[in-house]
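> Contents are PDB, C-alpha atoms; file name coords.pdb:
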ATOM      1  CA  MET M  10       8.975  12.620 -10.831  1.00  0.00           C
ATOM      2  CA  PRO M  11       9.098   9.496  -8.642  1.00  0.00           C
ATOM      3  CA  ILE M  12       5.943   8.569  -6.805  1.00  0.00           C
ATOM      4  CA  ASP M  13       6.095   8.555  -3.023  1.00  0.00           C
ATOM      5  CA  THR M  14       5.984   5.475  -0.832  1.00  0.00           C
ATOM      6  CA  VAL M  15       2.341   5.939   0.130  1.00  0.00           C
ATOM      7  CA  GLU M  16       1.302   6.103  -3.523  1.00  0.00           C
ATOM      8  CA  ARG M  17       3.332   2.970  -4.305  1.00  0.00           C
ATOM      9  CA  PHE M  18       1.776   1.182  -1.327  1.00  0.00           C
ATOM     10  CA  LEU M  19      -1.730   2.198  -2.371  1.00  0.00           C
ATOM     11  CA  ALA M  20      -1.086   1.024  -5.922  1.00  0.00           C
ATOM     12  CA  ALA M  21      -0.002  -2.393  -4.616  1.00  0.00           C
ATOM     13  CA  LEU M  22      -3.240  -2.914  -2.678  1.00  0.00           C
ATOM     14  CA  SER M  23      -6.454  -4.449  -3.945  1.00  0.00           C
ATOM     15  CA  PRO M  24      -9.161  -1.894  -4.770  1.00  0.00           C
ATOM     16  CA  ARG M  25     -11.133  -2.735  -1.595  1.00  0.00           C
ATOM     17  CA  ALA M  26      -8.083  -2.441   0.655  1.00  0.00           C
ATOM     18  CA  ARG M  27      -6.916   0.722  -1.137  1.00  0.00           C
ATOM     19  CA  GLU M  28     -10.262   2.397  -0.493  1.00  0.00           C
ATOM     20  CA  HIS M  29     -10.079   1.496   3.194  1.00  0.00           C
ATOM     21  CA  VAL M  30      -6.521   2.798   3.572  1.00  0.00           C
ATOM     22  CA  GLN M  31      -7.318   6.012   1.710  1.00  0.00           C
ATOM     23  CA  GLN M  32      -9.942   6.757   4.358  1.00  0.00           C
ATOM     24  CA  GLN M  33      -7.233   6.754   7.027  1.00  0.00           C
ATOM     25  CA  PRO M  34      -5.386   9.943   8.021  1.00  0.00           C
ATOM     26  CA  ARG M  35      -2.228  10.658   6.014  1.00  0.00           C
ATOM     27  CA  GLU M  36      -0.068   9.894   9.062  1.00  0.00           C
ATOM     28  CA  GLU M  37      -1.588   6.410   9.324  1.00  0.00           C
ATOM     29  CA  GLN M  38      -1.106   5.868   5.585  1.00  0.00           C
ATOM     30  CA  GLU M  39       2.569   6.779   5.993  1.00  0.00           C
ATOM     31  CA  LYS M  40       2.948   4.276   8.846  1.00  0.00           C
ATOM     32  CA  LEU M  41       1.348   1.554   6.745  1.00  0.00           C
ATOM     33  CA  ALA M  42       3.605   2.381   3.807  1.00  0.00           C
ATOM     34  CA  ALA M  43       6.657   2.184   6.071  1.00  0.00           C
ATOM     35  CA  ALA M  44       5.479  -1.209   7.364  1.00  0.00           C
ATOM     36  CA  TRP M  45       5.016  -2.302   3.749  1.00  0.00           C
ATOM     37  CA  GLU M  46       8.573  -1.322   2.853  1.00  0.00           C
ATOM     38  CA  ALA M  47       9.863  -3.152   5.948  1.00  0.00           C
ATOM     39  CA  GLU M  48       7.915  -6.259   4.907  1.00  0.00           C
ATOM     40  CA  LEU M  49       9.462  -6.093   1.446  1.00  0.00           C
ATOM     41  CA  ARG M  50      12.974  -5.804   2.897  1.00  0.00           C
ATOM     42  CA  ALA M  51      12.600  -8.421   5.639  1.00  0.00           C
ATOM     43  CA  ASP M  52      10.944 -11.357   3.879  1.00  0.00           C
ATOM     44  CA  THR M  53      13.358 -13.432   1.818  1.00  0.00           C
ATOM     45  CA  ASP M  54      10.486 -15.202   0.028  1.00  0.00           C
ATOM     46  CA  LEU M  55       9.434 -11.817  -1.306  1.00  0.00           C
ATOM     47  CA  ASP M  56      12.996 -11.267  -2.552  1.00  0.00           C
ATOM     48  CA  THR M  57      12.669 -14.342  -4.724  1.00  0.00           C
ATOM     49  CA  LEU M  58       9.219 -13.321  -5.941  1.00  0.00           C
ATOM     50  CA  SER M  59      10.496  -9.814  -6.613  1.00  0.00           C
ATOM     51  CA  GLU M  60      13.072 -11.212  -9.032  1.00  0.00           C
ATOM     52  CA  LEU M  61      10.283 -12.914 -10.977  1.00  0.00           C
ATOM     53  CA  SER M  62       7.613 -10.241 -10.609  1.00  0.00           C
ATOM     54  CA  PRO M  63       8.270  -7.051  -8.646  1.00  0.00           C
ATOM     55  CA  ALA M  64       4.597  -6.071  -8.830  1.00  0.00           C
ATOM     56  CA  ALA M  65       3.499  -9.413  -7.361  1.00  0.00           C
ATOM     57  CA  ALA M  66       5.969  -9.081  -4.488  1.00  0.00           C
ATOM     58  CA  GLU M  67       4.777  -5.552  -3.738  1.00  0.00           C
ATOM     59  CA  SER M  68       1.150  -6.670  -3.843  1.00  0.00           C
ATOM     60  CA  GLU M  69       1.795  -9.648  -1.532  1.00  0.00           C
ATOM     61  CA  ALA M  70       3.605  -7.439   0.992  1.00  0.00           C
ATOM     62  CA  ALA M  71       0.829  -4.822   0.843  1.00  0.00           C
ATOM     63  CA  THR M  72      -1.796  -7.497   1.444  1.00  0.00           C
ATOM     64  CA  ARG M  73       0.125  -8.820   4.457  1.00  0.00           C
ATOM     65  CA  VAL M  74       0.416  -5.360   6.015  1.00  0.00           C
ATOM     66  CA  PHE M  75      -3.256  -4.635   5.415  1.00  0.00           C
ATOM     67  CA  ARG M  76      -4.383  -7.947   6.919  1.00  0.00           C
ATOM     68  CA  LYS M  77      -2.209  -7.542  10.005  1.00  0.00           C
ATOM     69  CA  LEU M  78      -3.816  -4.211  10.824  1.00  0.00           C
ATOM     70  CA  PHE M  79      -7.373  -4.377   9.508  1.00  0.00           C
ATOM     71  CA  GLU M  80      -8.547  -7.977   9.517  1.00  0.00           C
TER      72      GLU M  80
END
What does this structure look like when you write it as structure tokens?


Amino acid sequence: MPIDTVERFLAALSPRAREHVQQQPREEQEKLAAAWEAELRADTDLDTLSELSPAAAESEAATRVFRKLFE
């Protein structure tokens, strides 16, 4: 069973950021996960990183989304 986008987004976050996002309503978590997927698709630098390390690219995109909204 594939994990959903929110779960993938949460897994890509640091523990501190994950805890903060998990405290948000599910609707907000879904918006953040959608922004994360858009970041992954839009940034060509992440494409290159994704070829080397998909997990690192996902983590970098998750960190960017989190920082834009919470810091």

> Name every residue that the PyMOL selection byres ((chain M and resi 21) around 7) selects in this structure, writing the answer as JSON, numbers by chain with chains first and numbers rising.

{"M": [17, 18, 19, 20, 22, 23, 67, 68, 71]}

> Skipping near chain neighbours, those fewer than 3 positions away, what residues fall within 12 Å of M:Ala47 using all atoms listed in the file, listed as a list in words?

Thr14, Phe18, Lys40, Leu41, Ala42, Ala43, Ala44, Arg50, Ala51, Asp52, Thr53, Leu55, Glu67, Ala70, Ala71, Arg73 and Val74 of chain M

> If you measure from atom CA of M:Arg25 to atom CA of M:Glu60, what distance in Å do you get, rounded to one decimal?

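Result for atom CA of M:Arg25 versus atom CA of M:Glu60: 26.7 Å, one decimal.
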
> Quick one: pull the distance between atom CA of M:Ser62 and atom CA of M:Arg35, Å, one decimal.

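Spanning atom CA of M:Ser62 to atom CA of M:Arg35 is a straight-line distance of 28.5 Å.
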
> Please, what distance in Å, to one decimal, runs between atom CA of M:Glu39 and atom CA of M:Glu80?

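Interatomic distance here is 18.8 Å.
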
> Using all atoms listed in the file, can you tell me which of M:Leu49, M:Thr72, M:Thr57, M:Asp13 comes closest to M:Arg27?

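Of M:Leu49, M:Thr72, M:Thr57, M:Asp13, the one nearest M:Arg27, counting all atoms listed in the file, is M:Thr72.
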
> Rank nothing, just name the residue among M:Gln38, M:Ala64, M:Glu46, M:Asp54 nearest to M:Ala26, using all atoms listed in the file.

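Nearest to M:Ala26: M:Gln38.
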
> Between M:Ala65, M:Pro24, M:Glu48, M:Gln32, which residue has the minimum interatomic distance to M:Lys77, considering all atoms listed in the file?

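Going through M:Ala65, M:Pro24, M:Glu48, M:Gln32 one by one, the smallest distance to M:Lys77 is for M:Glu48.
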
> Measuring between only C-alpha atoms, which one of M:His29, M:Leu61, M:Ala66, M:Glu37 shows the shortest distance to M:Phe79?

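So, comparing all the options, the nearest one is M:His29.
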
> Got a minute to add N, CA, C and O atoms to stretch 44-60 of chain M and dump it as an mmCIF file, keeping the file's coordinate frame?


data_model
loop_
_atom_site.group_PDB
_atom_site.id
_atom_site.type_symbol
_atom_site.label_atom_id
_atom_site.label_comp_id
_atom_site.auth_asym_id
_atom_site.auth_seq_id
_atom_site.Cartn_x
_atom_site.Cartn_y
_atom_site.Cartn_z
ATOM 1 N N ALA M 44 5.574 0.211 7.012
ATOM 2 C CA ALA M 44 5.479 -1.209 7.364
ATOM 3 C C ALA M 44 5.561 -2.069 6.108
ATOM 4 O O ALA M 44 6.181 -3.147 6.110
ATOM 5 N N TRP M 45 4.974 -1.600 5.029
ATOM 6 C CA TRP M 45 5.016 -2.302 3.749
ATOM 7 C C TRP M 45 6.456 -2.404 3.245
ATOM 8 O O TRP M 45 6.905 -3.475 2.841
ATOM 9 N N GLU M 46 7.176 -1.301 3.291
ATOM 10 C CA GLU M 46 8.573 -1.322 2.853
ATOM 11 C C GLU M 46 9.407 -2.257 3.738
ATOM 12 O O GLU M 46 10.262 -2.985 3.233
ATOM 13 N N ALA M 47 9.142 -2.259 5.039
ATOM 14 C CA ALA M 47 9.863 -3.152 5.948
ATOM 15 C C ALA M 47 9.560 -4.609 5.613
ATOM 16 O O ALA M 47 10.455 -5.464 5.638
ATOM 17 N N GLU M 48 8.311 -4.899 5.293
ATOM 18 C CA GLU M 48 7.915 -6.259 4.907
ATOM 19 C C GLU M 48 8.653 -6.683 3.639
ATOM 20 O O GLU M 48 9.150 -7.813 3.543
ATOM 21 N N LEU M 49 8.752 -5.788 2.690
ATOM 22 C CA LEU M 49 9.462 -6.093 1.446
ATOM 23 C C LEU M 49 10.943 -6.381 1.699
ATOM 24 O O LEU M 49 11.526 -7.269 1.081
ATOM 25 N N ARG M 50 11.548 -5.620 2.599
ATOM 26 C CA ARG M 50 12.974 -5.804 2.897
ATOM 27 C C ARG M 50 13.240 -7.051 3.728
ATOM 28 O O ARG M 50 14.259 -7.706 3.551
ATOM 29 N N ALA M 51 12.336 -7.383 4.644
ATOM 30 C CA ALA M 51 12.600 -8.421 5.639
ATOM 31 C C ALA M 51 12.312 -9.844 5.150
ATOM 32 O O ALA M 51 12.945 -10.786 5.610
ATOM 33 N N ASP M 52 11.377 -10.016 4.261
ATOM 34 C CA ASP M 52 10.944 -11.357 3.879
ATOM 35 C C ASP M 52 11.735 -11.864 2.680
ATOM 36 O O ASP M 52 11.608 -11.340 1.575
ATOM 37 N N THR M 53 12.521 -12.905 2.900
ATOM 38 C CA THR M 53 13.358 -13.432 1.818
ATOM 39 C C THR M 53 12.526 -14.100 0.729
ATOM 40 O O THR M 53 12.947 -14.137 -0.428
ATOM 41 N N ASP M 54 11.359 -14.634 1.060
ATOM 42 C CA ASP M 54 10.486 -15.202 0.028
ATOM 43 C C ASP M 54 10.055 -14.117 -0.953
ATOM 44 O O ASP M 54 9.933 -14.365 -2.149
ATOM 45 N N LEU M 55 9.816 -12.916 -0.432
ATOM 46 C CA LEU M 55 9.434 -11.817 -1.306
ATOM 47 C C LEU M 55 10.597 -11.391 -2.199
ATOM 48 O O LEU M 55 10.386 -10.942 -3.325
ATOM 49 N N ASP M 56 11.827 -11.559 -1.711
ATOM 50 C CA ASP M 56 12.996 -11.267 -2.552
ATOM 51 C C ASP M 56 12.979 -12.141 -3.797
ATOM 52 O O ASP M 56 13.217 -11.673 -4.909
ATOM 53 N N THR M 57 12.719 -13.414 -3.599
ATOM 54 C CA THR M 57 12.669 -14.342 -4.724
ATOM 55 C C THR M 57 11.536 -13.984 -5.666
ATOM 56 O O THR M 57 11.718 -13.931 -6.885
ATOM 57 N N LEU M 58 10.360 -13.704 -5.121
ATOM 58 C CA LEU M 58 9.219 -13.321 -5.941
ATOM 59 C C LEU M 58 9.502 -12.014 -6.674
ATOM 60 O O LEU M 58 9.135 -11.851 -7.833
ATOM 61 N N SER M 59 10.175 -11.110 -6.010
ATOM 62 C CA SER M 59 10.496 -9.814 -6.613
ATOM 63 C C SER M 59 11.360 -9.979 -7.862
ATOM 64 O O SER M 59 11.230 -9.213 -8.814
ATOM 65 N N GLU M 60 12.244 -10.962 -7.851
ATOM 66 C CA GLU M 60 13.072 -11.212 -9.032
ATOM 67 C C GLU M 60 12.221 -11.673 -10.209
ATOM 68 O O GLU M 60 12.511 -11.343 -11.348
#
